[in-house]
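Listing of protein-v9.cif; format and content: mmCIF, C-alpha atoms and all ligand atoms.
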data_work
loop_
_atom_site.label_atom_id
_atom_site.label_comp_id
_atom_site.auth_asym_id
_atom_site.auth_seq_id
_atom_site.Cartn_x
_atom_site.Cartn_y
_atom_site.Cartn_z
CA MET A 299 141.57 71.95 131.22
CA ILE A 300 139.84 71.92 127.83
CA THR A 301 136.39 70.35 127.64
CA PHE A 302 134.63 69.44 124.42
CA LYS A 303 132.16 66.99 123.00
CA LEU A 304 133.56 64.34 120.70
CA ASN A 305 131.13 62.22 118.71
CA GLY A 306 128.48 62.88 121.34
CA GLN A 307 130.65 62.19 124.39
CA GLN A 308 132.10 64.70 126.82
CA ARG A 309 135.93 64.73 126.67
CA THR A 310 138.69 66.68 128.36
CA PHE A 311 142.26 67.51 127.39
CA ASP A 312 144.85 68.96 129.75
CA GLY A 313 147.94 68.97 127.53
CA ASP A 314 149.45 71.92 125.65
CA PRO A 315 146.56 74.16 124.54
CA ASP A 316 148.35 74.78 121.21
CA THR A 317 148.14 71.07 120.32
CA PRO A 318 146.31 70.73 117.00
CA LEU A 319 142.92 69.03 117.28
CA LEU A 320 144.15 66.45 114.75
CA TRP A 321 146.76 65.17 117.19
CA VAL A 322 144.32 65.13 120.09
CA LEU A 323 142.05 62.97 117.95
CA ARG A 324 144.71 60.61 116.67
CA ASP A 325 147.20 60.36 119.54
CA PHE A 326 145.05 60.88 122.63
CA GLU A 327 141.61 59.72 121.55
CA LYS A 328 143.02 57.02 119.24
CA LEU A 329 140.52 57.98 116.53
CA THR A 330 142.76 57.46 113.54
CA GLY A 331 140.11 57.76 110.83
CA THR A 332 141.00 61.45 110.51
CA LYS A 333 144.23 61.67 108.49
CA TYR A 334 147.32 63.84 108.35
CA GLY A 335 148.30 64.90 104.85
CA CYS A 336 150.00 68.28 105.01
CA GLY A 337 149.54 70.00 108.37
CA ILE A 338 149.07 73.38 106.65
CA ALA A 339 145.39 73.44 105.62
CA GLN A 340 146.18 72.55 102.02
CA CYS A 341 144.90 69.00 101.50
CA GLY A 342 141.69 68.42 103.49
CA ALA A 343 142.64 64.94 104.77
CA CYS A 344 142.13 66.09 108.37
CA THR A 345 138.60 67.50 107.92
CA VAL A 346 136.16 67.13 110.83
CA HIS A 347 132.95 68.93 111.76
CA LEU A 348 133.31 71.58 114.44
CA ASP A 349 129.97 72.82 115.73
CA GLY A 350 128.38 71.44 112.57
CA MET A 351 130.76 73.03 110.06
CA THR A 352 133.78 71.65 108.22
CA ARG A 353 137.08 72.38 109.91
CA ARG A 354 140.68 71.41 109.13
CA SER A 355 141.78 69.83 112.39
CA CYS A 356 145.52 70.14 111.60
CA ILE A 357 145.42 73.91 112.07
CA THR A 358 142.90 74.04 114.92
CA PRO A 359 144.55 74.55 118.31
CA ILE A 360 142.69 72.44 120.86
CA ALA A 361 142.27 75.58 123.02
CA THR A 362 139.88 76.96 120.40
CA VAL A 363 137.74 73.81 120.65
CA ASP A 364 136.89 74.41 124.32
CA GLY A 365 133.11 74.15 124.76
CA SER A 366 132.58 73.00 121.16
CA GLU A 367 131.29 69.87 119.55
CA VAL A 368 133.54 67.80 117.28
CA VAL A 369 132.31 65.07 114.97
CA THR A 370 134.80 62.83 113.16
CA ILE A 371 134.42 60.18 110.46
CA GLU A 372 133.91 57.64 113.27
CA GLY A 373 130.89 59.49 114.64
CA ILE A 374 129.19 61.09 111.65
CA GLU A 375 125.51 60.17 111.36
CA GLY A 376 122.22 61.35 109.94
CA LYS A 377 120.50 60.99 106.61
CA GLU A 378 123.21 62.75 104.63
CA ALA A 379 125.94 60.57 106.13
CA GLU A 380 123.94 57.41 105.44
CA ALA A 381 123.24 58.44 101.85
CA VAL A 382 126.92 59.31 101.31
CA GLN A 383 128.09 56.01 102.78
CA LYS A 384 125.76 54.01 100.56
CA ALA A 385 126.65 55.99 97.45
CA TRP A 386 130.38 55.65 98.18
CA VAL A 387 130.11 51.88 98.57
CA ALA A 388 127.85 51.47 95.53
CA ILE A 389 130.40 52.82 93.05
CA ASP A 390 133.59 52.05 95.01
CA VAL A 391 134.70 55.65 95.28
CA PRO A 392 137.99 55.13 97.18
CA GLN A 393 141.22 54.04 95.56
CA CYS A 394 143.81 53.93 98.36
CA GLY A 395 141.35 55.57 100.76
CA TYR A 396 143.76 57.94 102.45
CA CYS A 397 141.91 61.15 101.60
CA GLN A 398 138.44 59.68 101.85
CA SER A 399 137.46 60.46 105.43
CA GLY A 400 138.16 64.12 104.68
CA GLN A 401 136.25 63.89 101.38
CA ILE A 402 133.25 62.37 103.15
CA MET A 403 133.20 65.00 105.91
CA SER A 404 133.14 67.75 103.24
CA ALA A 405 130.52 65.93 101.15
CA VAL A 406 128.20 65.42 104.13
CA SER A 407 128.51 69.07 105.09
CA LEU A 408 127.69 70.12 101.53
CA LEU A 409 124.55 67.95 101.47
CA GLN A 410 123.46 69.23 104.88
CA MET A 411 123.52 72.78 103.52
CA THR A 412 122.69 72.10 99.85
CA PRO A 413 120.60 68.92 99.49
CA LYS A 414 120.57 69.03 95.67
CA PRO A 415 124.00 70.36 94.68
CA SER A 416 125.02 71.24 91.12
CA ASP A 417 128.42 70.30 89.70
CA ASP A 418 129.59 73.81 90.62
CA ASP A 419 128.36 73.42 94.19
CA ILE A 420 130.25 70.14 94.44
CA ASP A 421 133.42 71.58 92.95
CA GLY A 422 133.23 74.52 95.37
CA ALA A 423 132.69 72.36 98.43
CA MET A 424 135.35 69.80 97.52
CA ALA A 425 137.98 72.25 96.21
CA GLY A 426 140.11 71.90 99.33
CA ASN A 427 140.14 68.10 99.44
CA ILE A 428 143.03 66.73 97.41
CA CYS A 429 142.92 63.12 96.23
CA ARG A 430 146.27 61.78 95.15
CA CYS A 431 144.51 58.89 93.44
CA ALA A 432 142.35 61.35 91.50
CA THR A 433 138.98 59.81 92.43
CA TYR A 434 137.36 63.20 91.76
CA GLN A 435 134.96 61.96 89.07
CA ARG A 436 133.61 59.20 91.31
CA ILE A 437 133.36 61.59 94.27
CA ARG A 438 131.25 63.96 92.21
CA GLN A 439 129.08 61.11 90.91
CA ALA A 440 128.58 59.66 94.40
CA ILE A 441 127.52 63.04 95.79
CA HIS A 442 124.90 63.34 93.04
CA ASP A 443 123.78 59.76 93.76
CA ALA A 444 123.53 60.48 97.49
CA ALA A 445 121.47 63.60 96.78
CA ASP A 446 119.13 61.53 94.61
CA THR A 447 118.58 58.86 97.25
CA MET A 448 117.95 61.52 99.92
CA GLU A 449 115.28 62.96 97.70
CA GLY A 450 113.72 59.50 97.89
CA MET B 938 148.80 42.58 106.20
CA ILE B 939 148.55 45.16 108.95
CA ARG B 940 152.11 46.12 108.18
CA ASN B 941 151.18 46.58 104.56
CA ILE B 942 148.31 48.88 105.41
CA THR B 943 150.53 50.99 107.62
CA PHE B 944 153.18 51.13 104.93
CA THR B 945 150.61 52.15 102.34
CA SER B 946 149.30 54.91 104.59
CA ILE B 947 152.75 56.26 105.23
CA SER B 948 153.80 56.19 101.61
CA VAL B 949 150.59 57.86 100.47
CA CYS B 950 151.07 60.45 103.16
CA LEU B 951 154.57 61.09 101.86
CA VAL B 952 153.32 61.29 98.31
CA LEU B 953 150.60 63.76 99.31
CA ASN B 954 153.30 65.81 100.93
CA ALA B 955 155.43 65.57 97.83
CA VAL B 956 152.53 66.75 95.66
CA ILE B 957 152.11 69.72 97.96
CA ALA B 958 155.84 70.40 98.20
CA ALA B 959 156.11 70.42 94.42
CA SER B 960 153.80 73.41 94.30
CA ASN B 961 155.25 75.16 97.30
CA ILE B 962 156.42 78.11 95.27
CA SER B 963 152.88 79.28 94.65
CA TRP B 964 151.93 78.74 98.28
CA ALA B 965 154.95 80.38 99.78
CA GLN B 966 154.26 83.23 102.14
CA ASP B 967 155.72 86.69 101.78
CA LYS B 968 159.39 87.44 101.85
CA VAL B 969 158.96 89.93 104.65
CA ALA B 970 160.79 93.20 104.02
CA ALA B 971 163.72 93.77 106.37
CA LYS B 972 162.38 97.16 107.42
CA ALA B 973 158.70 97.94 107.83
CA VAL B 974 157.33 100.63 105.52
CA GLU B 975 156.22 103.70 107.50
CA LEU B 976 153.44 106.18 106.83
CA LYS B 977 154.12 109.92 106.91
CA PRO B 978 152.10 111.59 109.69
CA VAL B 979 149.31 114.05 108.85
CA SER B 980 151.51 116.96 110.02
CA THR B 981 153.87 116.36 107.10
CA PHE B 982 151.16 117.59 104.76
CA GLN B 983 150.39 120.89 106.55
CA SER B 984 152.84 122.70 104.30
CA ILE B 985 150.60 122.07 101.27
CA THR B 986 148.55 125.25 101.30
CA ASP B 987 146.02 124.32 98.63
CA GLU B 988 143.40 122.26 100.49
CA LYS B 989 142.47 120.12 97.53
CA GLN B 990 146.07 119.30 96.79
CA ARG B 991 146.61 118.52 100.50
CA SER B 992 143.59 116.21 100.46
CA VAL B 993 144.90 114.37 97.40
CA ALA B 994 148.37 114.06 98.97
CA LEU B 995 146.85 112.65 102.17
CA PHE B 996 144.92 110.06 100.20
CA GLU B 997 147.99 109.15 98.17
CA GLU B 998 149.85 108.49 101.42
CA ALA B 999 146.94 106.38 102.71
CA GLY B 1000 147.05 104.63 99.33
CA LYS B 1001 150.28 102.93 100.39
CA VAL B 1002 148.00 100.91 102.69
CA ILE B 1003 144.95 100.66 100.44
CA GLN B 1004 146.98 99.30 97.53
CA HIS B 1005 149.11 97.00 99.68
CA PRO B 1006 148.48 93.32 98.87
CA ARG B 1007 147.42 92.77 102.49
CA CYS B 1008 144.32 94.85 101.67
CA VAL B 1009 143.79 94.19 97.94
CA ASN B 1010 144.04 90.40 98.37
CA CYS B 1011 140.62 90.44 100.03
CA HIS B 1012 139.20 93.05 97.62
CA PRO B 1013 139.65 90.89 94.50
CA ALA B 1014 138.10 91.60 91.10
CA THR B 1015 136.91 87.99 90.75
CA ASP B 1016 135.27 85.50 93.10
CA ARG B 1017 138.67 84.19 94.14
CA PRO B 1018 140.69 85.84 96.92
CA LEU B 1019 144.42 86.43 96.43
CA GLN B 1020 147.40 85.57 98.60
CA ASN B 1021 150.93 86.69 99.23
CA LEU B 1022 152.77 89.85 98.15
CA THR B 1023 152.73 88.34 94.66
CA MET B 1024 148.90 88.33 94.82
CA HIS B 1025 148.45 84.87 93.34
CA PRO B 1026 145.03 83.19 93.49
CA HIS B 1027 144.19 81.66 96.89
CA GLN B 1028 145.22 78.05 97.44
CA PRO B 1029 143.13 75.97 97.98
CA PRO B 1030 140.90 77.38 95.21
CA VAL B 1031 138.12 78.86 97.34
CA THR B 1032 135.28 81.04 96.06
CA ARG B 1033 133.41 83.98 97.55
CA GLY B 1034 129.91 82.51 98.19
CA ASP B 1035 127.11 84.35 99.98
CA GLY B 1036 128.33 87.40 101.88
CA GLY B 1037 131.95 86.63 101.00
CA MET B 1038 131.99 83.83 103.58
CA GLY B 1039 132.78 80.92 101.26
CA VAL B 1040 130.52 78.18 99.89
CA PRO B 1041 128.68 75.30 101.63
CA GLY B 1042 131.22 72.61 102.53
CA MET B 1043 134.09 75.09 102.15
CA MET B 1044 133.25 78.17 104.20
CA CYS B 1045 136.13 80.50 105.12
CA THR B 1046 135.83 79.15 108.69
CA THR B 1047 136.97 75.73 107.45
CA CYS B 1048 140.49 77.11 107.82
CA HIS B 1049 140.25 80.67 109.17
CA GLY B 1050 139.45 80.88 112.88
CA SER B 1051 139.04 83.90 115.08
CA GLU B 1052 142.82 84.41 115.45
CA ASN B 1053 146.01 83.84 113.50
CA VAL B 1054 147.29 80.33 114.17
CA PRO B 1055 151.05 79.74 114.05
CA VAL B 1056 151.99 76.58 112.16
CA ILE B 1057 154.97 74.95 113.80
CA GLY B 1058 157.42 72.76 111.94
CA GLN B 1059 155.17 71.79 109.03
CA ALA B 1060 156.44 73.82 106.10
CA GLU B 1061 159.31 76.15 105.28
CA THR B 1062 156.91 78.39 103.48
CA ILE B 1063 153.75 78.60 105.58
CA LYS B 1064 154.32 79.94 109.06
CA SER B 1065 150.76 80.74 110.10
CA ILE B 1066 147.13 80.54 109.04
CA PRO B 1067 145.47 83.97 109.25
CA GLY B 1068 142.30 84.49 111.27
CA ASN B 1069 139.80 87.05 112.52
CA PRO B 1070 136.29 86.62 114.00
CA ASN B 1071 134.84 88.43 110.96
CA TRP B 1072 137.02 86.84 108.26
CA HIS B 1073 135.35 87.36 104.85
CA LEU B 1074 135.87 88.87 101.40
CA ALA B 1075 134.92 92.42 100.55
CA PRO B 1076 131.83 92.48 98.28
CA ILE B 1077 132.51 92.48 94.54
CA GLU B 1078 131.39 96.14 94.18
CA MET B 1079 134.28 96.99 96.50
CA ALA B 1080 136.86 95.24 94.28
CA TRP B 1081 140.18 97.11 94.26
CA GLU B 1082 142.34 94.62 92.37
CA GLY B 1083 143.76 96.19 89.21
CA LYS B 1084 142.31 99.65 89.84
CA SER B 1085 144.17 102.97 90.00
CA LEU B 1086 144.23 104.82 93.32
CA GLY B 1087 142.00 107.52 91.82
CA ALA B 1088 139.43 104.91 90.80
CA ILE B 1089 139.52 103.32 94.26
CA CYS B 1090 139.09 106.75 95.85
CA ALA B 1091 135.96 107.46 93.78
CA GLN B 1092 134.68 103.99 94.61
CA ILE B 1093 135.18 104.46 98.35
CA LYS B 1094 133.04 107.61 98.26
CA ASP B 1095 130.30 106.13 96.04
CA HIS B 1096 127.31 105.00 98.15
CA GLU B 1097 126.42 102.44 95.50
CA ARG B 1098 129.78 100.78 95.92
CA ASN B 1099 130.73 101.41 99.55
CA GLY B 1100 127.90 99.66 101.35
CA GLY B 1101 125.98 102.93 101.72
CA LYS B 1102 128.58 104.41 104.08
CA SER B 1103 128.83 108.13 104.84
CA ILE B 1104 132.28 109.67 104.81
CA ASP B 1105 132.30 109.59 108.64
CA GLN B 1106 131.52 105.89 108.55
CA ILE B 1107 134.36 105.38 106.06
CA VAL B 1108 136.73 107.17 108.42
CA GLU B 1109 135.57 104.98 111.28
CA HIS B 1110 135.75 101.78 109.21
CA MET B 1111 139.29 102.43 108.04
CA GLY B 1112 140.58 103.57 111.41
CA GLN B 1113 138.72 101.23 113.78
CA ASP B 1114 137.45 98.08 112.08
CA HIS B 1115 138.99 94.96 113.56
CA LEU B 1116 139.21 93.05 110.27
CA VAL B 1117 140.82 96.06 108.56
CA GLY B 1118 143.20 96.10 111.54
CA TRP B 1119 144.27 92.54 110.76
CA ALA B 1120 146.36 94.01 107.92
CA TRP B 1121 148.81 95.28 110.57
CA ASN B 1122 148.75 92.00 112.49
CA PRO B 1123 148.72 89.44 109.71
CA GLY B 1124 150.53 86.61 111.48
CA GLU B 1125 153.99 85.17 111.09
CA GLY B 1126 155.30 84.97 107.52
CA ARG B 1127 153.26 87.92 106.21
CA GLU B 1128 154.41 91.52 105.73
CA PRO B 1129 152.08 93.90 107.56
CA ALA B 1130 150.49 96.87 105.80
CA PRO B 1131 152.61 100.08 106.07
CA GLY B 1132 152.54 102.11 109.29
CA THR B 1133 149.81 101.47 111.85
CA GLN B 1134 146.03 101.42 111.68
CA LYS B 1135 146.03 104.52 113.87
CA ALA B 1136 148.29 106.47 111.50
CA PHE B 1137 146.26 105.24 108.53
CA GLY B 1138 143.01 106.25 110.25
CA GLU B 1139 144.41 109.74 110.91
CA LEU B 1140 145.38 110.15 107.26
CA ILE B 1141 141.88 109.13 106.15
CA LYS B 1142 140.30 111.45 108.71
CA ALA B 1143 142.43 114.38 107.56
CA TRP B 1144 141.59 113.50 103.94
CA ALA B 1145 137.86 113.62 104.79
CA GLN B 1146 138.28 116.92 106.62
CA THR B 1147 140.01 118.47 103.61
CA GLY B 1148 137.15 117.63 101.27
CA ALA B 1149 137.96 114.00 100.45
CA ALA B 1150 139.52 114.91 97.09
CA CYS B 1151 140.64 112.10 94.81
CA PRO B 1152 143.85 111.74 92.78
CA SER B 1153 143.11 112.15 89.08
S1 LIG C 1201 146.39 67.70 107.06
FE1 LIG C 1201 144.98 69.28 107.46
S2 LIG C 1201 144.58 70.10 105.51
FE2 LIG C 1201 146.17 68.67 105.12
S1 LIG C 1202 141.74 57.64 97.33
FE1 LIG C 1202 143.90 57.73 97.47
S2 LIG C 1202 144.28 59.80 98.04
FE2 LIG C 1202 142.17 59.79 97.59
#
Just give me the structure of the file as structure tokens.
Amino acid sequence: MITFKLNGQQRTFDGDPDTPLLWVLRDFEKLTGTKYGCGIAQCGACTVHLDGMTRRSCITPIATVDGSEVVTIEGIEGKEAEAVQKAWVAIDVPQCGYCQSGQIMSAVSLLQMTPKPSDDDIDGAMAGNICRCATYQRIRQAIHDAADTMEG
Amino acid sequence: MIRNITFTSISVCLVLNAVIAASNISWAQDKVAAKAVELKPVSTFQSITDEKQRSVALFEEAGKVIQHPRCVNCHPATDRPLQNLTMHPHQPPVTRGDGGMGVPGMMCTTCHGSENVPVIGQAETIKSIPGNPNWHLAPIEMAWEGKSLGAICAQIKDHERNGGKSIDQIVEHMGQDHLVGWAWNPGEGREPAPGTQKAFGELIKAWAQTGAACPS
């Protein structure tokens, strides 16, 4: 039996321990905000926070999550998340939206570790999040905007 | 409406996959050699009577490991690790960051866990994601990419460029370190380094004992 915290709540999973975290989230927990894009750690659509750090859930066997804390797009909170949400809405970052929950999880993590990121910091943090709609310019702008509002 | 949203999600998902599939060549894993490359044991070199020449020959044998892409890929000359036997730049385009652990928002641990993770039924070309509890890049002063074996040998012995290690510590690092050992257990779809870590460690030890001479 695998036990972990999901968005602040204690959860268990007793299926195949090799099941990727992504499928536990989507199929068992019905949290479908986290997306499947590639299944091979190449696109970033499935990004969650595992013990406070970004993690690609598609290549994370649920067995390795035992005793850990998972936060998904549905549960992300705090000043960075609020600033990111506002900045995203303000300039309409998403196009189709498919990649955006992954983008936001990476952006929030970046701001948690680097509150005033440079363009290079942003490019480095977001390098693994592909956007088929090419919203990269707006993503970069919104991260700068979020950093500015956090600064107050 | 709901139907439409679902349809959009699926088609975007397919398109994302197509984008990735289109570049699969650069992401493909190794074509694993049919037969593993072996290392000659230390005893093979006993017949070389000149100690310096024996030392050089031992290091050249160990060099089959040191210059194997499995090792050089994480000793790159730039801030970007390499992948595959073809040693192409790492995809996604990650950078070294502090301590070779990646950058905020994209640390190595975003994808690399404490063990290799097999990837089932997702791609013809990627069979596993490599992992180790200590997964990180070698520091830039330990870059091996593009260097001759003689240059790497001098570098390994140079305290300024080897993390201040003594020759005994080098022997131990090569022969015992768990992350170095990953090269012989690189996960499905990757060719392991030649021989075994034990055989490699013995070659390095014998090289040290014969004066740690470097190829010219
Ligand atoms: S679905 Fe996990 S990185 Fe693409
Ligand atoms: S908004 Fe469409 S894939 Fe990023």
Å distance separating atom CA of B:Gly1132 from atom CA of A:Ile338, one decimal place: 29.1 Å
Distance filter 10 Å, only C-alpha atoms, chain A against chain B, as a ChimeraX atom specification: /A:316,318,333-343,345-348,351-359,362,394-397,403-412,415,419-431
Residues from last step as file, C-alpha atoms, as a short mmCIF file (atom, residue, chain, number, x, y, z; two decimals), keeping the file's coordinate frame:
data_model
loop_
_atom_site.label_atom_id
_atom_site.label_comp_id
_atom_site.auth_asym_id
_atom_site.auth_seq_id
_atom_site.Cartn_x
_atom_site.Cartn_y
_atom_site.Cartn_z
CA ASP A 316 148.35 74.78 121.21
CA PRO A 318 146.31 70.73 117.00
CA LYS A 333 144.23 61.67 108.49
CA TYR A 334 147.32 63.84 108.35
CA GLY A 335 148.30 64.90 104.85
CA CYS A 336 150.00 68.28 105.01
CA GLY A 337 149.54 70.00 108.37
CA ILE A 338 149.07 73.38 106.65
CA ALA A 339 145.39 73.44 105.62
CA GLN A 340 146.18 72.55 102.02
CA CYS A 341 144.90 69.00 101.50
CA GLY A 342 141.69 68.42 103.49
CA ALA A 343 142.64 64.94 104.77
CA THR A 345 138.60 67.50 107.92
CA VAL A 346 136.16 67.13 110.83
CA HIS A 347 132.95 68.93 111.76
CA LEU A 348 133.31 71.58 114.44
CA MET A 351 130.76 73.03 110.06
CA THR A 352 133.78 71.65 108.22
CA ARG A 353 137.08 72.38 109.91
CA ARG A 354 140.68 71.41 109.13
CA SER A 355 141.78 69.83 112.39
CA CYS A 356 145.52 70.14 111.60
CA ILE A 357 145.42 73.91 112.07
CA THR A 358 142.90 74.04 114.92
CA PRO A 359 144.55 74.55 118.31
CA THR A 362 139.88 76.96 120.40
CA CYS A 394 143.81 53.93 98.36
CA GLY A 395 141.35 55.57 100.76
CA TYR A 396 143.76 57.94 102.45
CA CYS A 397 141.91 61.15 101.60
CA MET A 403 133.20 65.00 105.91
CA SER A 404 133.14 67.75 103.24
CA ALA A 405 130.52 65.93 101.15
CA VAL A 406 128.20 65.42 104.13
CA SER A 407 128.51 69.07 105.09
CA LEU A 408 127.69 70.12 101.53
CA LEU A 409 124.55 67.95 101.47
CA GLN A 410 123.46 69.23 104.88
CA MET A 411 123.52 72.78 103.52
CA THR A 412 122.69 72.10 99.85
CA PRO A 415 124.00 70.36 94.68
CA ASP A 419 128.36 73.42 94.19
CA ILE A 420 130.25 70.14 94.44
CA ASP A 421 133.42 71.58 92.95
CA GLY A 422 133.23 74.52 95.37
CA ALA A 423 132.69 72.36 98.43
CA MET A 424 135.35 69.80 97.52
CA ALA A 425 137.98 72.25 96.21
CA GLY A 426 140.11 71.90 99.33
CA ASN A 427 140.14 68.10 99.44
CA ILE A 428 143.03 66.73 97.41
CA CYS A 429 142.92 63.12 96.23
CA ARG A 430 146.27 61.78 95.15
CA CYS A 431 144.51 58.89 93.44
#
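Picture a line from atom CA of A:Gln393 to atom CA of A:Gln435; it runs 12.0 Å.
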Near-B:Asn1010 list (9 Å; only C-alpha atoms; drop same-chain fewer than 5 positions) as a ChimeraX atom specification: /B:1005,1018-1022,1024-1027,1074,1081-1082
Write the residues of the selection above to a file with C-alpha atoms, as an mmCIF file, keeping the file's coordinate frame.
data_model
loop_
_atom_site.group_PDB
_atom_site.id
_atom_site.type_symbol
_atom_site.label_atom_id
_atom_site.label_comp_id
_atom_site.auth_asym_id
_atom_site.auth_seq_id
_atom_site.Cartn_x
_atom_site.Cartn_y
_atom_site.Cartn_z
ATOM 1 C CA HIS B 1005 149.110 97.000 99.680
ATOM 2 C CA PRO B 1018 140.690 85.840 96.920
ATOM 3 C CA LEU B 1019 144.420 86.430 96.430
ATOM 4 C CA GLN B 1020 147.400 85.570 98.600
ATOM 5 C CA ASN B 1021 150.930 86.690 99.230
ATOM 6 C CA LEU B 1022 152.770 89.850 98.150
ATOM 7 C CA MET B 1024 148.900 88.330 94.820
ATOM 8 C CA HIS B 1025 148.450 84.870 93.340
ATOM 9 C CA PRO B 1026 145.030 83.190 93.490
ATOM 10 C CA HIS B 1027 144.190 81.660 96.890
ATOM 11 C CA LEU B 1074 135.870 88.870 101.400
ATOM 12 C CA TRP B 1081 140.180 97.110 94.260
ATOM 13 C CA GLU B 1082 142.340 94.620 92.370
#
Any chance you could work out the axis-aligned box around stretch 1051-1070 of chain B, listed atoms only, 6 Å on each side, giving centre and edge lengths in Å to one decimal, as JSON?
{"center_x": 147.8, "center_y": 79.4, "center_z": 109.5, "size_x": 35.0, "size_y": 27.3, "size_z": 24.0}
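With only C-alpha atoms as the atoms that count, the minimum distance from A:Val368 to the choices A:Met299, A:Leu320, A:Ile437, A:Met448 is reached by A:Leu320.
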Between atom CA of B:Val974 and atom CA of B:Pro1131, distance in Å (one decimal):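 Rounded to one decimal, the two atoms are 4.8 Å apart.
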Residue nearest ligand LIG 1202 (chain C) among A:Ala440, A:Asp418, A:Thr301, A:Ser399 (counting only C-alpha atoms and all ligand atoms):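 Nearest to ligand LIG 1202 (chain C): A:Ser399.
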Polymer residues at most 12 Å from (124.3, 61.9, 92.5) by all atoms listed in the file, as a ChimeraX atom specification: /A:381-382,384-386,388-389,405,409,413-417,420,435-449
